[in-house]
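See below for coords-v1.cif, which holds mmCIF, C-alpha atoms.
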data_protein
loop_
_atom_site.label_atom_id
_atom_site.label_comp_id
_atom_site.auth_asym_id
_atom_site.auth_seq_id
_atom_site.Cartn_x
_atom_site.Cartn_y
_atom_site.Cartn_z
CA MET A 16 -26.91 -47.21 -103.91
CA ASP A 17 -27.53 -49.30 -100.80
CA GLY A 18 -25.06 -47.19 -98.86
CA LEU A 19 -26.87 -43.99 -99.90
CA LYS A 20 -30.24 -45.42 -98.88
CA ARG A 21 -28.83 -46.45 -95.51
CA ARG A 22 -27.36 -43.00 -94.94
CA LEU A 23 -30.65 -41.36 -95.91
CA ASN A 24 -32.53 -43.53 -93.44
CA GLU A 25 -30.03 -42.81 -90.66
CA SER A 26 -29.48 -39.08 -91.19
CA VAL A 27 -32.35 -36.61 -90.87
CA GLN A 28 -30.13 -33.79 -92.09
CA LEU A 29 -29.10 -35.70 -95.22
CA LYS A 30 -32.68 -36.82 -95.86
CA LEU A 31 -34.00 -33.27 -95.53
CA SER A 32 -31.28 -31.85 -97.80
CA PHE A 33 -31.84 -34.60 -100.39
CA THR A 34 -35.63 -34.19 -100.36
CA LEU A 35 -35.52 -30.40 -100.68
CA SER A 36 -32.86 -30.56 -103.40
CA LEU A 37 -34.85 -33.16 -105.34
CA ALA A 38 -38.03 -31.07 -105.03
CA ILE A 39 -36.18 -27.96 -106.21
CA LEU A 40 -34.71 -29.82 -109.17
CA VAL A 41 -38.09 -31.28 -110.21
CA VAL A 42 -39.84 -27.91 -109.95
CA ALA A 43 -36.96 -26.19 -111.77
CA VAL A 44 -37.00 -28.75 -114.61
CA VAL A 45 -40.79 -28.50 -115.04
CA ALA A 46 -40.73 -24.70 -114.84
CA GLY A 47 -37.73 -24.53 -117.20
CA VAL A 48 -39.35 -26.77 -119.82
CA PHE A 49 -42.61 -24.82 -119.60
CA SER A 50 -40.78 -21.47 -119.85
CA PHE A 51 -38.67 -22.70 -122.77
CA LEU A 52 -41.68 -23.94 -124.74
CA SER A 53 -43.68 -20.80 -123.96
CA ALA A 54 -40.82 -18.51 -124.99
CA PHE A 55 -40.21 -20.61 -128.12
CA ASP A 56 -43.86 -20.37 -129.19
CA GLU A 57 -43.97 -16.68 -128.33
CA ALA A 58 -40.89 -16.02 -130.48
CA HIS A 59 -42.51 -17.82 -133.41
CA GLU A 60 -45.69 -15.79 -132.91
CA LEU A 61 -43.70 -12.56 -132.99
CA GLN A 62 -41.96 -13.66 -136.18
CA ASP A 63 -45.34 -14.46 -137.76
CA ASP A 64 -46.44 -10.97 -136.77
CA VAL A 65 -43.43 -9.58 -138.64
CA LEU A 66 -44.60 -11.38 -141.79
CA ARG A 67 -48.11 -9.97 -141.31
CA GLN A 68 -46.75 -6.44 -140.84
CA VAL A 69 -44.64 -6.70 -144.00
CA ALA A 70 -47.68 -7.90 -145.95
CA GLN A 71 -49.83 -5.13 -144.47
CA LEU A 72 -47.19 -2.57 -145.36
CA MET A 73 -47.10 -3.82 -148.95
CA ASP A 74 -50.88 -3.56 -149.12
CA ARG A 75 -51.17 -0.05 -147.66
CA GLN A 76 -48.32 1.48 -149.60
CA ARG A 77 -49.30 -0.39 -152.77
CA LEU A 78 -45.74 -1.59 -153.17
CA LEU A 79 -44.92 -4.17 -155.78
CA PRO A 80 -42.51 -7.04 -155.17
CA ALA A 81 -39.17 -6.54 -156.86
CA VAL A 82 -38.22 -8.61 -159.89
CA PRO A 83 -35.70 -11.30 -158.93
CA THR A 84 -32.16 -10.45 -159.81
CA THR A 85 -28.81 -12.11 -159.60
CA ASP A 86 -26.94 -8.91 -158.72
CA ILE A 87 -23.69 -9.59 -157.03
CA ARG A 88 -24.83 -7.35 -154.14
CA LEU A 89 -27.06 -10.14 -152.91
CA LYS A 90 -23.99 -12.07 -151.97
CA ASP A 91 -23.39 -9.56 -149.19
CA VAL A 92 -26.86 -10.15 -147.79
CA ASP A 93 -27.54 -12.83 -145.15
CA GLU A 94 -29.87 -15.09 -147.12
CA GLU A 95 -31.16 -16.77 -143.94
CA SER A 96 -32.38 -13.56 -142.35
CA ARG A 97 -33.89 -11.92 -145.43
CA VAL A 98 -37.64 -11.69 -145.98
CA ILE A 99 -38.85 -12.82 -149.40
CA VAL A 100 -41.81 -10.92 -150.94
CA GLN A 101 -43.21 -12.05 -154.27
CA ARG A 102 -46.41 -12.18 -156.32
CA LEU A 103 -48.26 -15.43 -156.16
CA GLY A 104 -48.96 -17.23 -159.42
CA GLU A 105 -47.68 -14.53 -161.80
CA VAL A 106 -43.99 -15.14 -161.44
CA SER A 107 -42.62 -18.05 -163.43
CA PRO A 108 -40.23 -20.40 -161.64
CA SER A 109 -36.72 -18.97 -161.70
CA THR A 110 -33.62 -20.89 -162.54
CA VAL A 111 -31.88 -18.91 -159.80
CA GLY A 112 -31.77 -20.59 -156.41
CA VAL A 113 -33.48 -19.09 -153.46
CA ASP A 114 -30.18 -18.50 -151.63
CA ALA A 115 -28.94 -16.58 -154.67
CA GLY A 116 -32.02 -14.31 -154.73
CA GLY A 117 -34.46 -16.45 -156.64
CA VAL A 118 -38.20 -16.76 -155.95
CA LEU A 119 -40.02 -19.58 -154.25
CA PRO A 120 -41.97 -21.97 -156.46
CA LEU A 121 -45.27 -21.32 -154.73
CA PRO A 122 -48.44 -22.79 -156.26
CA ALA A 123 -51.09 -20.26 -157.31
CA THR A 124 -53.78 -22.22 -155.51
CA LEU A 125 -52.18 -21.67 -152.12
CA ALA A 126 -54.82 -20.38 -149.71
CA ASP A 127 -54.45 -17.15 -147.75
CA GLY A 128 -52.84 -17.51 -144.35
CA LEU A 129 -49.70 -18.94 -142.83
CA HIS A 130 -48.05 -22.06 -144.21
CA THR A 131 -44.92 -24.05 -143.50
CA LEU A 132 -43.52 -25.34 -146.77
CA GLU A 133 -40.37 -27.13 -147.86
CA PHE A 134 -38.42 -26.30 -151.00
CA GLY A 135 -35.09 -27.77 -151.99
CA GLY A 136 -34.45 -29.33 -148.62
CA GLU A 137 -35.13 -26.06 -146.79
CA THR A 138 -38.23 -25.14 -144.78
CA PHE A 139 -39.93 -21.76 -145.12
CA ARG A 140 -42.65 -19.96 -143.24
CA VAL A 141 -44.95 -18.40 -145.83
CA LEU A 142 -47.77 -15.86 -145.41
CA VAL A 143 -50.17 -15.58 -148.36
CA LYS A 144 -52.34 -12.43 -148.53
CA THR A 145 -54.73 -10.95 -151.02
CA THR A 146 -54.30 -7.18 -151.21
CA ALA A 147 -57.09 -4.61 -151.55
CA SER A 148 -56.43 -4.43 -155.28
CA GLY A 149 -57.01 -8.15 -155.63
CA GLU A 150 -53.38 -9.05 -156.09
CA ARG A 151 -52.04 -12.02 -154.16
CA ILE A 152 -48.63 -11.73 -152.57
CA ALA A 153 -46.50 -14.09 -150.51
CA VAL A 154 -44.15 -13.04 -147.68
CA ALA A 155 -41.74 -15.81 -146.62
CA GLN A 156 -38.74 -16.36 -144.39
CA GLU A 157 -36.48 -19.36 -143.87
CA SER A 158 -37.60 -21.42 -140.85
CA GLY A 159 -34.03 -22.33 -139.76
CA PHE A 160 -33.24 -18.71 -139.00
CA ARG A 161 -36.57 -18.24 -137.26
CA ASN A 162 -36.00 -21.34 -135.11
CA GLU A 163 -32.49 -20.18 -134.20
CA ILE A 164 -33.81 -16.82 -133.01
CA ALA A 165 -36.62 -18.54 -131.12
CA ARG A 166 -34.23 -20.96 -129.42
CA ASP A 167 -31.88 -18.16 -128.44
CA GLY A 168 -34.74 -16.18 -126.96
CA ALA A 169 -36.11 -19.22 -125.14
CA LEU A 170 -32.66 -20.09 -123.74
CA ARG A 171 -32.26 -16.52 -122.48
CA THR A 172 -35.58 -16.93 -120.76
CA VAL A 173 -34.49 -20.19 -119.12
CA MET A 174 -31.00 -18.93 -118.23
CA PRO A 175 -32.09 -17.47 -114.83
CA PHE A 176 -33.32 -20.96 -113.87
CA LEU A 177 -29.97 -22.49 -114.82
CA ILE A 178 -28.14 -19.96 -112.64
CA LEU A 179 -30.64 -19.88 -109.79
CA VAL A 180 -31.02 -23.64 -109.25
CA PRO A 181 -27.36 -24.41 -108.27
CA VAL A 182 -27.29 -21.33 -106.03
CA LEU A 183 -30.58 -22.35 -104.46
CA LEU A 184 -29.30 -25.89 -103.85
CA LEU A 185 -26.21 -24.51 -102.08
CA ILE A 186 -28.37 -22.17 -100.00
CA VAL A 187 -30.68 -25.02 -98.99
CA ALA A 188 -27.74 -27.26 -98.02
CA ASP A 189 -26.21 -24.43 -95.97
CA LEU A 190 -29.51 -23.59 -94.28
CA VAL A 191 -30.13 -27.23 -93.35
CA ARG A 192 -26.60 -27.52 -91.96
CA LYS A 193 -27.06 -24.35 -89.89
CA MET A 194 -30.45 -25.60 -88.64
CA PHE A 195 -28.76 -28.71 -87.24
CA GLN A 196 -25.80 -26.82 -85.73
CA PRO A 197 -27.49 -26.42 -82.30
CA ILE A 198 -27.97 -30.19 -82.14
CA ALA A 199 -24.33 -30.80 -83.10
CA ALA A 200 -23.21 -28.24 -80.50
CA LEU A 201 -25.37 -29.95 -77.86
CA SER A 202 -23.85 -33.32 -78.73
CA LYS A 203 -20.31 -31.91 -78.58
CA GLU A 204 -20.96 -30.18 -75.25
CA ILE A 205 -22.28 -33.37 -73.64
CA ASP A 206 -19.51 -35.50 -75.16
CA GLN A 207 -16.77 -33.23 -73.75
CA ARG A 208 -18.10 -33.34 -70.21
CA ALA A 209 -16.22 -35.09 -67.46
CA GLU A 210 -17.78 -37.99 -65.60
CA GLN A 211 -18.76 -35.84 -62.64
CA GLU A 212 -20.28 -32.98 -64.67
CA LEU A 213 -23.97 -33.85 -64.53
CA HIS A 214 -25.42 -30.32 -64.51
CA PRO A 215 -28.37 -29.70 -66.89
CA VAL A 216 -27.71 -28.71 -70.49
CA GLU A 217 -28.73 -25.25 -71.64
CA ASP A 218 -31.83 -25.50 -73.86
CA ARG A 219 -32.78 -21.86 -74.41
CA HIS A 220 -30.80 -21.61 -77.66
CA LEU A 221 -32.26 -24.86 -79.05
CA PRO A 222 -35.15 -25.02 -81.54
CA VAL A 223 -38.59 -25.75 -80.13
CA GLU A 224 -38.64 -29.18 -81.77
CA VAL A 225 -35.38 -30.19 -80.03
CA ARG A 226 -36.16 -28.82 -76.56
CA PRO A 227 -38.15 -31.90 -75.46
CA PHE A 228 -35.08 -33.98 -76.26
CA ALA A 229 -32.90 -31.65 -74.16
CA VAL A 230 -35.45 -31.75 -71.32
CA ALA A 231 -35.36 -35.57 -71.41
CA ILE A 232 -31.54 -35.48 -71.27
CA ASN A 233 -31.66 -33.15 -68.27
CA ARG A 234 -34.07 -35.46 -66.49
CA LEU A 235 -31.80 -38.40 -67.22
CA LEU A 236 -28.77 -36.48 -65.95
CA ALA A 237 -30.67 -35.61 -62.79
CA ARG A 238 -31.54 -39.27 -62.20
CA VAL A 239 -27.95 -40.35 -62.84
CA SER A 240 -26.66 -37.65 -60.50
CA GLN A 241 -29.11 -38.72 -57.81
CA SER A 242 -28.11 -42.36 -58.25
CA MET A 243 -24.39 -41.55 -58.04
CA GLU A 244 -24.97 -39.36 -55.02
CA SER A 245 -26.85 -42.19 -53.33
CA GLN A 246 -23.98 -44.57 -54.05
CA ARG A 247 -21.40 -42.13 -52.70
CA ARG A 248 -23.51 -41.51 -49.62
CA PHE A 249 -23.85 -45.25 -49.07
CA VAL A 250 -20.08 -45.76 -49.36
CA ALA A 251 -19.38 -42.87 -47.02
CA ASP A 252 -22.01 -43.99 -44.49
CA ALA A 253 -20.85 -47.60 -44.63
CA ALA A 254 -17.22 -46.61 -44.18
CA HIS A 255 -18.13 -44.30 -41.32
CA GLU A 256 -20.23 -46.96 -39.58
CA LEU A 257 -17.46 -49.55 -39.93
CA ARG A 258 -14.86 -47.33 -38.33
CA SER A 259 -16.27 -47.74 -34.83
CA PRO A 260 -16.22 -51.58 -34.82
CA LEU A 261 -12.72 -51.61 -36.29
CA THR A 262 -11.53 -49.10 -33.71
CA ALA A 263 -13.00 -51.26 -30.95
CA MET A 264 -11.33 -54.35 -32.42
CA SER A 265 -8.03 -52.50 -32.61
CA LEU A 266 -8.28 -51.52 -28.96
CA GLN A 267 -9.13 -55.07 -27.96
CA ALA A 268 -6.17 -56.36 -29.94
CA GLU A 269 -3.86 -53.88 -28.18
CA ARG A 270 -5.13 -54.96 -24.77
CA LEU A 271 -4.78 -58.60 -25.80
CA ALA A 272 -1.16 -57.97 -26.79
CA GLU A 273 -0.41 -57.03 -23.15
CA ALA A 274 -1.46 -60.46 -21.94
CA GLU A 275 0.88 -63.39 -21.71
CA MET A 276 0.55 -65.87 -24.62
CA SER A 277 2.56 -68.32 -26.62
CA SER A 278 4.72 -67.27 -29.51
CA VAL A 279 2.31 -68.86 -31.97
CA ALA A 280 -0.62 -66.94 -30.52
CA ARG A 281 1.37 -63.71 -30.51
CA GLU A 282 2.30 -64.26 -34.15
CA ARG A 283 -1.33 -64.75 -35.08
CA LEU A 284 -2.25 -61.68 -33.05
CA THR A 285 0.25 -59.66 -35.04
CA VAL A 286 -1.34 -60.82 -38.27
CA LEU A 287 -4.76 -59.91 -36.86
CA ARG A 288 -3.60 -56.41 -35.92
CA GLN A 289 -2.17 -55.93 -39.41
CA GLY A 290 -5.49 -56.97 -40.93
CA ILE A 291 -7.36 -54.55 -38.70
CA GLU A 292 -4.95 -51.79 -39.68
CA ARG A 293 -5.47 -52.53 -43.37
CA GLY A 294 -9.23 -52.41 -42.83
CA ARG A 295 -8.95 -49.02 -41.12
CA SER A 296 -6.72 -47.74 -43.93
CA LEU A 297 -9.22 -48.99 -46.52
CA LEU A 298 -12.08 -47.23 -44.75
CA ASP A 299 -10.10 -44.00 -44.62
CA GLN A 300 -9.43 -44.29 -48.34
CA LEU A 301 -13.08 -44.96 -49.08
CA LEU A 302 -14.12 -41.91 -47.09
CA THR A 303 -11.52 -39.79 -48.90
CA LEU A 304 -12.72 -41.07 -52.27
CA ALA A 305 -16.36 -40.39 -51.40
CA LYS A 306 -15.49 -36.84 -50.33
CA ALA A 307 -13.44 -36.29 -53.49
CA GLN A 308 -16.31 -37.45 -55.70
CA SER A 309 -18.99 -35.43 -53.94
CA ALA A 310 -17.10 -32.18 -53.38
CA THR A 311 -18.39 -29.40 -55.64
CA ASP A 312 -17.25 -26.21 -53.87
CA LEU A 313 -14.81 -24.09 -55.82
CA PRO A 314 -11.57 -23.03 -54.10
CA LYS A 315 -11.72 -19.56 -52.58
CA SER A 316 -7.96 -18.95 -52.47
CA PRO A 317 -4.76 -20.53 -53.88
CA VAL A 318 -2.54 -22.80 -51.82
CA SER A 319 1.26 -23.00 -51.62
CA VAL A 320 2.80 -26.22 -52.99
CA GLN A 321 5.79 -26.06 -50.60
CA SER A 322 3.47 -25.85 -47.59
CA ILE A 323 1.61 -28.94 -48.87
CA TYR A 324 4.91 -30.79 -49.25
CA ARG A 325 5.94 -29.93 -45.68
CA ARG A 326 2.67 -31.14 -44.18
CA VAL A 327 2.73 -34.40 -46.15
CA LEU A 328 6.37 -35.10 -45.25
CA GLU A 329 5.62 -34.52 -41.55
CA ASP A 330 2.93 -37.21 -41.70
CA LEU A 331 4.85 -39.75 -43.80
CA MET A 332 8.40 -39.26 -42.55
CA PRO A 333 8.12 -42.13 -40.01
CA LEU A 334 7.10 -44.52 -42.80
CA ALA A 335 10.07 -43.40 -44.92
CA GLU A 336 12.52 -43.68 -42.00
CA ALA A 337 11.32 -47.20 -41.25
CA LYS A 338 12.46 -48.22 -44.76
CA HIS A 339 15.58 -46.02 -44.70
CA ILE A 340 14.36 -44.08 -47.71
CA ASP A 341 15.98 -40.76 -48.58
CA ILE A 342 13.01 -38.43 -49.06
CA GLY A 343 12.94 -34.68 -49.47
CA VAL A 344 12.05 -31.65 -51.58
CA GLU A 345 14.38 -30.57 -54.38
CA GLY A 346 14.86 -26.84 -54.82
CA ALA A 347 13.29 -23.87 -53.07
CA LEU A 348 10.98 -22.79 -55.88
CA ASP A 349 7.39 -22.37 -54.75
CA ALA A 350 4.15 -21.86 -56.63
CA GLU A 351 0.49 -21.47 -55.80
CA VAL A 352 -2.19 -23.80 -57.10
CA TRP A 353 -5.82 -22.76 -57.49
CA ALA A 354 -7.30 -25.64 -55.49
CA SER A 355 -8.42 -26.39 -51.96
CA GLU A 356 -5.80 -27.30 -49.38
CA LEU A 357 -7.50 -30.58 -48.46
CA ASP A 358 -7.59 -31.67 -52.11
CA MET A 359 -3.91 -30.95 -52.66
CA ILE A 360 -2.95 -32.69 -49.42
CA ALA A 361 -4.92 -35.76 -50.50
CA VAL A 362 -3.26 -35.77 -53.94
CA VAL A 363 0.31 -35.35 -52.71
CA LYS A 364 -0.12 -37.65 -49.72
CA ASN A 365 -1.43 -40.53 -51.81
CA LEU A 366 1.32 -40.14 -54.39
CA VAL A 367 4.10 -39.91 -51.78
CA ASP A 368 2.62 -42.79 -49.78
CA ASN A 369 2.62 -44.99 -52.89
CA ALA A 370 6.20 -43.93 -53.70
CA ILE A 371 7.40 -44.88 -50.21
CA ARG A 372 5.57 -48.19 -50.18
CA TYR A 373 6.79 -49.33 -53.61
CA THR A 374 10.36 -48.07 -53.26
CA PRO A 375 12.70 -50.72 -51.84
CA GLU A 376 14.67 -50.10 -48.64
CA GLY A 377 17.48 -47.63 -49.04
CA GLY A 378 15.78 -46.06 -52.07
CA ARG A 379 15.02 -42.45 -52.87
CA VAL A 380 11.89 -40.31 -53.20
CA ASP A 381 12.17 -36.73 -54.49
CA LEU A 382 9.51 -34.02 -54.52
CA SER A 383 9.82 -30.92 -56.69
CA VAL A 384 7.73 -28.08 -58.08
CA GLY A 385 8.07 -26.18 -61.33
CA VAL A 386 6.20 -23.88 -63.70
CA SER A 387 5.62 -24.69 -67.37
CA GLU A 388 3.41 -22.89 -69.88
CA GLY A 389 1.56 -21.00 -67.19
CA LYS A 390 0.79 -24.09 -65.10
CA VAL A 391 2.26 -25.56 -61.92
CA VAL A 392 3.97 -28.95 -62.23
CA LEU A 393 4.13 -31.05 -59.05
CA ARG A 394 6.58 -33.91 -59.54
CA ILE A 395 7.10 -36.99 -57.33
CA GLN A 396 9.88 -39.37 -58.39
CA ASP A 397 11.00 -42.63 -56.79
CA SER A 398 13.54 -45.36 -57.42
CA GLY A 399 11.03 -48.20 -57.28
CA PRO A 400 10.08 -50.65 -60.03
CA GLY A 401 7.78 -48.17 -61.82
CA ILE A 402 4.55 -48.96 -63.65
CA PRO A 403 4.67 -50.89 -66.95
CA LEU A 404 3.25 -49.12 -70.00
CA ALA A 405 0.54 -51.77 -70.42
CA GLU A 406 -0.90 -51.06 -66.96
CA ARG A 407 -0.82 -47.26 -66.88
CA ASP A 408 -4.37 -46.94 -68.19
CA ARG A 409 -5.74 -49.18 -65.43
CA VAL A 410 -3.83 -48.05 -62.35
CA PHE A 411 -6.36 -45.24 -61.84
CA ASP A 412 -9.26 -47.71 -61.57
CA PRO A 413 -10.55 -48.26 -58.01
CA PHE A 414 -9.09 -51.31 -56.23
CA TYR A 415 -6.69 -52.06 -59.08
CA ARG A 416 -3.18 -52.98 -58.03
CA THR A 417 -0.11 -53.58 -60.16
CA LEU A 418 0.48 -57.22 -61.01
CA GLY A 419 3.13 -58.88 -58.85
CA SER A 420 2.92 -56.23 -56.13
CA GLU A 421 3.60 -57.48 -52.64
CA GLN A 422 2.84 -54.19 -50.92
CA ILE A 423 -0.14 -53.81 -48.64
CA GLY A 424 -2.68 -51.35 -49.98
CA SER A 425 -6.27 -50.75 -50.97
CA GLY A 426 -5.76 -49.82 -54.62
CA LEU A 427 -7.65 -46.56 -54.12
CA GLY A 428 -4.78 -44.08 -53.90
CA LEU A 429 -4.39 -43.27 -57.59
CA SER A 430 -8.16 -43.38 -58.07
CA ILE A 431 -8.51 -40.64 -55.45
CA VAL A 432 -5.75 -38.65 -57.14
CA GLN A 433 -7.43 -38.96 -60.54
CA THR A 434 -10.84 -37.96 -59.16
CA ILE A 435 -9.48 -34.82 -57.51
CA ALA A 436 -7.38 -33.95 -60.59
CA ASN A 437 -10.43 -34.14 -62.85
CA ARG A 438 -12.40 -31.89 -60.55
CA ILE A 439 -9.75 -29.17 -60.23
CA GLY A 440 -8.79 -29.30 -63.91
CA ALA A 441 -5.39 -30.90 -63.42
CA GLU A 442 -3.61 -33.47 -65.59
CA ILE A 443 -1.61 -36.49 -64.42
CA ARG A 444 1.27 -37.91 -66.43
CA LEU A 445 3.17 -41.11 -65.61
CA ASP A 446 6.68 -41.88 -66.79
CA PHE A 447 9.83 -43.78 -65.81
CA SER A 448 12.34 -42.01 -63.55
CA ASP A 449 15.16 -43.84 -65.32
CA GLN A 450 14.37 -43.99 -69.02
CA GLU A 451 17.36 -46.19 -69.87
CA LYS A 452 16.60 -48.91 -67.31
CA GLN A 453 12.81 -48.42 -67.55
CA THR A 454 12.54 -48.29 -63.75
CA GLY A 455 11.25 -45.87 -61.16
CA LEU A 456 8.06 -43.85 -61.33
CA ASN A 457 7.86 -40.18 -62.27
CA VAL A 458 4.44 -38.70 -61.54
CA ALA A 459 3.73 -35.16 -62.79
CA VAL A 460 0.59 -33.34 -61.68
CA ILE A 461 0.00 -30.35 -63.97
CA ALA A 462 -2.41 -28.05 -62.12
CA PRO A 463 -3.85 -24.61 -62.93
CA MET A 464 -1.79 -21.75 -61.59
CA ARG A 465 -3.06 -18.85 -59.58
#
What is this structure when it is put down as structure tokens?
Amino acid sequence: MDGLKRRLNESVQLKLSFTLSLAILVVAVVAGVFSFLSAFDEAHELQDDVLRQVAQLMDRQRLLPAVPTTDIRLKDVDEESRVIVQRLGEVSPSTVGVDAGGVLPLPATLADGLHTLEFGGETFRVLVKTTASGERIAVAQESGFRNEIARDGALRTVMPFLILVPVLLLIVADLVRKMFQPIAALSKEIDQRAEQELHPVEDRHLPVEVRPFAVAINRLLARVSQSMESQRRFVADAAHELRSPLTAMSLQAERLAEAEMSSVARERLTVLRQGIERGRSLLDQLLTLAKAQSATDLPKSPVSVQSIYRRVLEDLMPLAEAKHIDIGVEGALDAEVWASELDMIAVVKNLVDNAIRYTPEGGRVDLSVGVSEGKVVLRIQDSGPGIPLAERDRVFDPFYRTLGSEQIGSGLGLSIVQTIANRIGAEIRLDFSDQEKQTGLNVAVIAPMR
């Protein structure tokens, strides 16, 4: 009971359905009882009219009641439905029972009119009438039969209520459910949106009572979009403004390296130059991430995956050669992805850069492209340590780096890849390159095909 009350308080749809159903049931019960009683009384009134008509017929036609008989033919007659007509006061009580065709022991002093009398454990409805000739007659019928007919008639009157009420309850429940379908559809549409999809919800198909709620959601989405845009603009502006000081520091460090200094000073200068380089790399990654988050233009033409691979390998080949890593593209199959060239370069470059950095010297990095179920599959595999299953949900978070990693990086590479993939409708899957040894990383980017 407490659970039902809680659900009624929490659910408007359930409360509305319950209230309407309860109101329908109450009205149906009241109307059914009233109709039953009215039909029951009306049936009795009609049966009383039958007794009056029989008495009137006896009076007009001057018919005399038949003398009671015990003829065997009465056994074939339904004693409950028969109408008994007899003189009042002139017929002596019969030893024959009423069911066998005998007369009723009616007193001679019985007044004219309708009476309900009981004889031998049975109830009779009796009409006493004085005819024009001064003779008094009684017309009677067993009440049990009359009540049965009345009940049957009353039940037939109430039967439409018994059929209509369940149908009406189902119709009400279905109507209430359909009335709340636009709200459920609105909730589903908002719930299925990606993080960057902050466009207003469509409110033209919503009921008038729900539109203010949709308008409030649109205003909230607009404020959130404006806030996120301000944050992205701040990150982009800050990264852009910091590039000039870092470039100047890098130039000063290069000029300082040309001067004569002790080995200790030169060692510290090397560390300084590495820190400056990491800062510049971090700023570049921040700018790339800000562009990936703010880009909204749809691609105008598809781009070749093999051409993207060639451009990325041209940029990162020196880094791979420095670690003696065997890197290349497997197979000559090419496919076109419906995405911008800059987005695909950023995705592939970040994935290949991570593969080179985390693969030990003398390792291997392979790039390949395939087609599966109408989509293009870009695959980058390496022979590095891989990513443990427990950390695969977090590696796409900004600035997160795998535990125990000694590689220099910003932790933004996979975050940039995930942001671009969400925007272009691609999916990223991580797996081990070597399933038996649980080592190596196999990254598959499943992108929409042309």
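Among the candidates A:Asp368, A:Ala153, A:Val143, A:Val44, the residue lying nearest to Val98 (chain A) is A:Ala153 (atoms considered: only C-alpha atoms).
Residue nearest Glu212 (chain A) within the list A:Met243, A:Leu61, A:Val344, A:Ala126: A:Met243 [criterion: smallest interatomic distance, all atoms listed in the file].
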### Message
From (-44.3, -20.1, -146.5), in the file's coordinates, out to 9 Å: which residues are reached, counting only C-alpha atoms? Answer as a PyMOL selection string.
### Response
chain A and resi 119+121+129-133+138-143+153-158
### Message
Can you tell me which residues surround Leu456 (chain A) at a distance of at most 12 Å, considering only C-alpha atoms, apart from same-chain residues fewer than 3 positions away, and format the answer as a ChimeraX atom specification?
### Response
/A:366-367,369-371,373-374,379-381,394-404,407,444-450,452-453,459
Region 361-372 of chain A: axis-aligned bounding box, 5 Å on each side, centre and edge lengths in Å, one decimal, as AutoDock Vina command-line options:
--center_x 1.2 --center_y -41.8 --center_z -52.1 --size_x 22.3 --size_y 22.8 --size_z 14.7
### Task
Name the closest residue to Val225 (chain A) among the candidates A:Ser240, A:Gln196, A:Ser355, A:Ser245; distances are taken between atoms, counting all atoms listed in the file.
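Ranking A:Ser240, A:Gln196, A:Ser355, A:Ser245 by distance to Val225 (chain A), first place goes to A:Gln196.
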### Task
Rank A:Gly440, A:Gly455, A:Gly128, A:Pro333 by their smallest atom-to-atom distance to Arg208 (chain A), using only C-alpha atoms, and report the top residue only.
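Checking each candidate against Arg208 (chain A), we get A:Gly440 as the closest.
Coordinates place CA of Gln62 (chain A) at a distance of 19.8 Å from CA of Phe134 (chain A).
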Output requested as an mmCIF file, in the coordinates of the input - region 161-168 of chain A, filled out with N, CA, C and O atoms.
data_model
loop_
_atom_site.group_PDB
_atom_site.id
_atom_site.type_symbol
_atom_site.label_atom_id
_atom_site.label_comp_id
_atom_site.auth_asym_id
_atom_site.auth_seq_id
_atom_site.Cartn_x
_atom_site.Cartn_y
_atom_site.Cartn_z
ATOM 1 N N ARG A 161 -35.524 -18.535 -138.244
ATOM 2 C CA ARG A 161 -36.570 -18.240 -137.260
ATOM 3 C C ARG A 161 -36.418 -19.138 -136.016
ATOM 4 O O ARG A 161 -36.532 -18.670 -134.886
ATOM 5 N N ASN A 162 -36.151 -20.423 -136.254
ATOM 6 C CA ASN A 162 -36.000 -21.340 -135.110
ATOM 7 C C ASN A 162 -34.773 -20.994 -134.262
ATOM 8 O O ASN A 162 -34.791 -21.110 -133.035
ATOM 9 N N GLU A 163 -33.700 -20.557 -134.947
ATOM 10 C CA GLU A 163 -32.490 -20.180 -134.200
ATOM 11 C C GLU A 163 -32.768 -18.995 -133.290
ATOM 12 O O GLU A 163 -32.361 -18.965 -132.126
ATOM 13 N N ILE A 164 -33.461 -17.999 -133.818
ATOM 14 C CA ILE A 164 -33.810 -16.820 -133.010
ATOM 15 C C ILE A 164 -34.735 -17.233 -131.864
ATOM 16 O O ILE A 164 -34.587 -16.786 -130.727
ATOM 17 N N ALA A 165 -35.684 -18.108 -132.168
ATOM 18 C CA ALA A 165 -36.620 -18.540 -131.120
ATOM 19 C C ALA A 165 -35.901 -19.312 -130.014
ATOM 20 O O ALA A 165 -36.174 -19.125 -128.821
ATOM 21 N N ARG A 166 -34.977 -20.191 -130.427
ATOM 22 C CA ARG A 166 -34.230 -20.960 -129.420
ATOM 23 C C ARG A 166 -33.362 -20.043 -128.551
ATOM 24 O O ARG A 166 -33.290 -20.216 -127.326
ATOM 25 N N ASP A 167 -32.707 -19.078 -129.208
ATOM 26 C CA ASP A 167 -31.880 -18.160 -128.440
ATOM 27 C C ASP A 167 -32.712 -17.372 -127.427
ATOM 28 O O ASP A 167 -32.318 -17.198 -126.265
ATOM 29 N N GLY A 168 -33.869 -16.906 -127.881
ATOM 30 C CA GLY A 168 -34.740 -16.180 -126.960
ATOM 31 C C GLY A 168 -35.253 -17.055 -125.837
ATOM 32 O O GLY A 168 -35.327 -16.636 -124.680
#
